[in-house]
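*Asks:* So that we are looking at the same thing, I have put the structure below in structure tokens.
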Amino acid sequence: MIARFNEKLHIVEVWLTQSDQRDDALMASLPERYRDWNTHGYQPVLFRSGGRDLFEDTLALLKDWRMAEAARQMQEEKAAAQGG
């Protein structure tokens, strides 16, 4: 686990590896750590490592965004052609 304090934003970035997430003692300790950080004015932000392929997931997301953008553009062109 890595905890990075961001003084400017008053947050604690908590980074958990897959191994950390399987550590029952560590996971059980998090709520108390969160309360402690909150009492000192910091909002914890949790990041968990995943077990999926980041490249493939990002590629799929970009394809979805591109398709949505193309559909939006088609609707705008259709509306413009109809005078509206």
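Starting from 1 in every chain, residues are counted up; chains themselves are A, B, ... following the order of the structure tokens, and ligands are numbered from 1 as listed.
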May I have all residues of stretch 12-59 of chain A that DSSP, computed from the backbone, assigns to strand (DSSP E), given as a VMD selection string?
*Replies:* chain A and resid 12 to 16 43 to 48
*Asks:* At a cut-off of 6 Å, using only C-alpha atoms, what residues contact stretch 47-53 of chain A? Leave out same-chain residues fewer than 2 positions from it and give the result as a PyMOL selection string.
*Replies:* chain A and resi 14-18+55-56
*Asks:* Would you mind exporting C-alpha atoms of the selected residues as a tab-separated table (two decimals), in the first residue's frame?
*Replies:*
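The file below, again_21.tsv, is the result:
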chain	number	residue	atom	x	y	z
A	14	VAL	CA	-4.28	5.30	-1.22
A	15	TRP	CA	-2.87	2.91	-3.82
A	16	LEU	CA	-3.53	-0.82	-3.31
A	17	THR	CA	-1.92	-3.58	-5.32
A	18	GLN	CA	-3.76	-6.84	-5.96
A	55	PHE	CA	-4.52	-1.65	-22.97
A	56	GLU	CA	-7.48	-3.69	-24.23
*Asks:* Would you kindly return, as a list of chain:residue names, each protein, DNA or RNA residue with an atom no farther than 7 Å from any atom of stretch 42-44 of chain A, considering only C-alpha atoms and excluding same-chain residues fewer than 4 positions away?
*Replies:*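 The neighbour list is A:His10, A:Ile11, A:Val12, A:Glu13, A:Val14, A:Tyr34, A:Trp37, A:Asn38.
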*Asks:* Record the distance separating atom CA of A:Asp23 and atom CA of A:Glu7, expressed in Å with one decimal.
*Replies:* 28.2 Å
*Asks:* Taking the DSSP secondary structure from the backbone, can you list the residues of chain A that are helix (DSSP H, G or I), as a PyMOL selection string?
*Replies:* chain A and resi 18-22+24-39+54-81
*Asks:* Selection from above, N, CA and C atoms, as a compact mmCIF listing (two decimals), in the first residue's frame, can you write it?
*Replies:*
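Final output, again16.txt:
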# COMPACT_ATOMS: atom_id res chain seq x y z
N GLN A 18 -2.89 -5.66 -6.09
CA GLN A 18 -3.76 -6.84 -5.96
C GLN A 18 -3.41 -7.61 -4.70
N SER A 19 -2.13 -7.69 -4.39
CA SER A 19 -1.69 -8.38 -3.17
C SER A 19 -2.23 -7.68 -1.92
N ASP A 20 -2.17 -6.36 -1.90
CA ASP A 20 -2.71 -5.59 -0.78
C ASP A 20 -4.19 -5.90 -0.57
N GLN A 21 -4.93 -6.01 -1.69
CA GLN A 21 -6.36 -6.24 -1.61
C GLN A 21 -6.70 -7.62 -1.05
N ARG A 22 -5.76 -8.56 -1.13
CA ARG A 22 -5.97 -9.89 -0.56
C ARG A 22 -5.51 -9.99 0.89
N ASP A 24 -6.13 -9.45 4.39
CA ASP A 24 -7.29 -9.17 5.24
C ASP A 24 -6.97 -8.17 6.34
N ALA A 25 -5.80 -8.27 6.94
CA ALA A 25 -5.43 -7.36 8.04
C ALA A 25 -5.32 -5.93 7.51
N LEU A 26 -4.70 -5.77 6.36
CA LEU A 26 -4.57 -4.43 5.78
C LEU A 26 -5.93 -3.86 5.44
N MET A 27 -6.76 -4.66 4.79
CA MET A 27 -8.09 -4.17 4.40
C MET A 27 -8.92 -3.81 5.63
N ALA A 28 -8.80 -4.59 6.70
CA ALA A 28 -9.54 -4.31 7.94
C ALA A 28 -9.05 -3.03 8.61
N SER A 29 -7.79 -2.66 8.37
CA SER A 29 -7.22 -1.46 9.00
C SER A 29 -7.62 -0.17 8.28
N LEU A 30 -8.11 -0.28 7.08
CA LEU A 30 -8.39 0.93 6.29
C LEU A 30 -9.45 1.85 6.91
N PRO A 31 -10.59 1.33 7.39
CA PRO A 31 -11.58 2.26 7.95
C PRO A 31 -11.03 3.13 9.10
N GLU A 32 -10.21 2.54 9.95
CA GLU A 32 -9.63 3.33 11.04
C GLU A 32 -8.66 4.37 10.49
N ARG A 33 -7.88 3.99 9.51
CA ARG A 33 -6.96 4.96 8.88
C ARG A 33 -7.74 6.10 8.25
N TYR A 34 -8.85 5.77 7.57
CA TYR A 34 -9.68 6.80 6.95
C TYR A 34 -10.18 7.79 8.00
N ARG A 35 -10.67 7.26 9.13
CA ARG A 35 -11.16 8.14 10.20
C ARG A 35 -10.05 9.05 10.71
N ASP A 36 -8.86 8.49 10.88
CA ASP A 36 -7.73 9.27 11.36
C ASP A 36 -7.37 10.38 10.37
N TRP A 37 -7.32 10.03 9.10
CA TRP A 37 -7.01 11.04 8.09
C TRP A 37 -8.09 12.11 8.04
N ASN A 38 -9.35 11.69 8.15
CA ASN A 38 -10.45 12.66 8.15
C ASN A 38 -10.35 13.63 9.31
N THR A 39 -9.98 13.15 10.49
CA THR A 39 -9.86 14.04 11.65
C THR A 39 -8.73 15.05 11.47
N LEU A 54 -5.22 -3.45 -19.20
CA LEU A 54 -5.45 -2.01 -19.30
C LEU A 54 -5.47 -1.55 -20.76
N PHE A 55 -4.57 -2.06 -21.57
CA PHE A 55 -4.52 -1.65 -22.97
C PHE A 55 -5.81 -2.01 -23.68
N GLU A 56 -6.26 -3.24 -23.55
CA GLU A 56 -7.48 -3.69 -24.23
C GLU A 56 -8.71 -2.93 -23.73
N ASP A 57 -8.80 -2.72 -22.41
CA ASP A 57 -9.93 -1.98 -21.86
C ASP A 57 -9.95 -0.54 -22.34
N THR A 58 -8.77 0.09 -22.42
CA THR A 58 -8.69 1.47 -22.89
C THR A 58 -9.05 1.55 -24.37
N LEU A 59 -8.57 0.58 -25.16
CA LEU A 59 -8.90 0.54 -26.57
C LEU A 59 -10.41 0.42 -26.78
N ALA A 60 -11.05 -0.46 -26.02
CA ALA A 60 -12.51 -0.63 -26.13
C ALA A 60 -13.23 0.66 -25.75
N LEU A 61 -12.77 1.33 -24.70
CA LEU A 61 -13.38 2.58 -24.27
C LEU A 61 -13.24 3.66 -25.35
N LEU A 62 -12.06 3.76 -25.94
CA LEU A 62 -11.85 4.75 -27.00
C LEU A 62 -12.73 4.46 -28.21
N LYS A 63 -12.91 3.19 -28.55
CA LYS A 63 -13.80 2.83 -29.66
C LYS A 63 -15.24 3.24 -29.34
N ASP A 64 -15.67 2.98 -28.12
CA ASP A 64 -17.03 3.37 -27.71
C ASP A 64 -17.22 4.88 -27.81
N TRP A 65 -16.23 5.64 -27.31
CA TRP A 65 -16.32 7.10 -27.37
C TRP A 65 -16.38 7.58 -28.81
N ARG A 66 -15.57 6.98 -29.68
CA ARG A 66 -15.56 7.38 -31.09
C ARG A 66 -16.90 7.09 -31.74
N MET A 67 -17.49 5.94 -31.45
CA MET A 67 -18.80 5.60 -32.01
C MET A 67 -19.86 6.58 -31.52
N ALA A 68 -19.82 6.93 -30.25
CA ALA A 68 -20.79 7.88 -29.69
C ALA A 68 -20.61 9.25 -30.34
N GLU A 69 -19.37 9.66 -30.56
CA GLU A 69 -19.10 10.95 -31.20
C GLU A 69 -19.61 10.94 -32.64
N ALA A 70 -19.39 9.84 -33.36
CA ALA A 70 -19.86 9.74 -34.75
C ALA A 70 -21.38 9.80 -34.80
N ALA A 71 -22.05 9.14 -33.88
CA ALA A 71 -23.52 9.18 -33.83
C ALA A 71 -24.01 10.59 -33.53
N ARG A 72 -23.34 11.29 -32.63
CA ARG A 72 -23.71 12.67 -32.31
C ARG A 72 -23.54 13.58 -33.52
N GLN A 73 -22.44 13.40 -34.22
CA GLN A 73 -22.19 14.22 -35.41
C GLN A 73 -23.23 13.95 -36.49
N MET A 74 -23.62 12.70 -36.66
CA MET A 74 -24.64 12.37 -37.64
C MET A 74 -25.97 13.03 -37.29
N GLN A 75 -26.32 13.04 -36.01
CA GLN A 75 -27.56 13.67 -35.58
C GLN A 75 -27.53 15.17 -35.84
N GLU A 76 -26.38 15.80 -35.57
CA GLU A 76 -26.24 17.24 -35.82
C GLU A 76 -26.36 17.55 -37.31
N GLU A 77 -25.72 16.73 -38.15
CA GLU A 77 -25.79 16.95 -39.60
C GLU A 77 -27.22 16.75 -40.10
N LYS A 78 -27.90 15.75 -39.57
CA LYS A 78 -29.30 15.49 -39.96
C LYS A 78 -30.18 16.67 -39.57
N ALA A 79 -29.99 17.17 -38.36
CA ALA A 79 -30.80 18.31 -37.89
C ALA A 79 -30.50 19.55 -38.73
N ALA A 80 -29.23 19.76 -39.09
CA ALA A 80 -28.87 20.92 -39.89
C ALA A 80 -29.47 20.81 -41.30
N ALA A 81 -29.49 19.60 -41.84
CA ALA A 81 -30.05 19.40 -43.18
C ALA A 81 -31.56 19.62 -43.20
